[in-house]
Amino acid sequence: MRKMISVGAAAALLSLVPVHATPAAGTRFLSAVHGTSAAEPRPAPAPATPRSVAASAVKVRLPAPTGPYAVGTTSLHLVDRSRPDPWRPAERRELMVSVFYPASRVTGRPVAPQLAPGDAQGFDTFAGRANYGVEPGTVDWAATRTHAYVDAPAVRGPRPVVLYSPGVADPRTWNIALAEQLASAGYVVVAIDHTYEASAVEFPSHRIARTVLPERLAEAKRDGTLVRLQKQVVAARVADTRFVLDALRALHAGSDPDADHRRPPRNLAAVLDLRRIGMLGASGGGFTAAQAMYEDSRIRAGVDLDGTLGFGDDPAHPELAPVAEHGLDRPFLLMGSAGPGGSDHRTEPSWRSFWAHGRGWRADLTLRGSRHGSYTDAEAILPQLRGRVPDKTIADDIGTVDPTRAIIAERAYVSSFFDRWLRRKDDGLLDGPSPRYPEIGFIR
């Protein structure tokens, strides 16, 4: 079922991250709170030391955004001096955040990489293999370019803000195609790295914080404390989210929350409309979006892309998260994957409870022919690796849905949801099945 942090037994931890974690779809190290799958789990690799990129490594491309605006991007280095780090208590909690926004005057500005060198190396040696079956050295991850211009001025005018939380072990930019699409349509998207849980986080000084989850998972398996670890993951993520909201409020008010005192791009602080905040997440990030929304009323609308809402290693009998037990009173969109391990509110217990107890508008959609990785950049990237990654691995991760159609459909429905609830622009797409998007099924 949904993944949160999983890889075999890791799949159980990861199950928190994805709604339906499947050792096949990746026995993703942290993909599902309750990973379920008939496939053999992939061994979770230990993070490796830096290595040079092989000459044979593939360079991959990301789909371009289609909105009317050029996209700008900047990063924020945030330190929560009031909170010990949940994984390294001797340290203060420290985060990296990427911001994507409608931009002007982009000519001559550099285009941002998807991953900083340290992030790329960590993804290559850990999350890429554990979550998506891509062996180290297959892809030159540091070479992937986005469509976002570094520190370009923001287009004036108030903009709704959408937070993004990635799947367990994934970097904050491992759904950049969707983030850029929203930014090109007029949103400010704020993507959060969850330090020491993400495979690697590179800070501006080039210091790299590597994941501690493999060792913590081994301890939890040995001590029988998996649920406690899963809860720690979610609690840390929710606290990160609330801290980022506080930092955005400070930025909008004229303060500089960046720990290195780097000035934000021109107009960015002014365009943040913090009365219109949404949140989006994939896998464990979807769980994070729902639970953060439950705990923080500043978040007005949320989307869970295939993430479970319960704890434990038995997907049929999870310990429900508070948001699943009590539901939400604000708009929320569930989008599940299909096939073995797929989920909807009729079949997945935590979603069923969430659906039954919800008091706000809600919808449950399935991307037909998809798998857990379809809601990440894996949908665009894995097809470029055919011949280097086994076809079965690709099918287990992103299914049989046409990749181009999957990306178009996901963009359309996520955009329609946020337009409806943050912009008061309703295109009717969420009212029922559309012949334009036969890949999307409505679960009533």
# chains A, B, ... in the order shown; residues from 1 in each chain; ligands from 1
$ residues_around --residues "segment 426-430 of chain A" --least-positions-apart "6" --cutoff "7 Å" --atoms "only C-alpha atoms" --output "list in words"
Ser416, Asp419 and Arg420 of chain A
$ write_last_selection --atoms "N, CA, C and O atoms" --output "PDB file, in the first residue's frame"
ATOM      1  N   SER A 416      -5.577  22.390 -11.318  1.00  0.00           N
ATOM      2  CA  SER A 416      -7.004  22.660 -11.188  1.00  0.00           C
ATOM      3  C   SER A 416      -7.414  22.744  -9.728  1.00  0.00           C
ATOM      4  O   SER A 416      -8.209  23.613  -9.335  1.00  0.00           O
ATOM      5  N   ASP A 419      -5.945  25.993  -8.226  1.00  0.00           N
ATOM      6  CA  ASP A 419      -6.658  27.126  -8.808  1.00  0.00           C
ATOM      7  C   ASP A 419      -8.036  27.293  -8.157  1.00  0.00           C
ATOM      8  O   ASP A 419      -8.473  28.405  -7.859  1.00  0.00           O
ATOM      9  N   ARG A 420      -8.695  26.171  -7.947  1.00  0.00           N
ATOM     10  CA  ARG A 420     -10.050  26.219  -7.395  1.00  0.00           C
ATOM     11  C   ARG A 420     -10.066  26.749  -5.971  1.00  0.00           C
ATOM     12  O   ARG A 420     -10.923  27.558  -5.607  1.00  0.00           O
TER      13      ARG A 420
END
$ residues_around --residues "segment 266-269 of chain A" --least-positions-apart "3" --cutoff "12 Å" --atoms "only C-alpha atoms" --output "PyMOL selection string"
chain A and resi 72-75+99-105+150-159+161+187-190+247-257+263+272-274
$ residues_around --residues "Ile192 of chain A" --least-positions-apart "6" --cutoff "12 Å" --atoms "only C-alpha atoms" --output "ChimeraX atom specification"
/A:75-78,94-100,162-168,170-176,179,198,201,236-245,279-281,285,288-289
$ closest_residue --among "A:Gly369, A:Pro63, A:Pro433, A:Gly122" --to "Gly336 of chain A" --atoms "only C-alpha atoms"
A:Gly369
$ select_by_dssp --residues "segment 40-239 of chain A" --states "alpha helix (DSSP H)" --output "PyMOL selection string"
chain A and resi 117-122+128-132+176-184+213-223+226-239
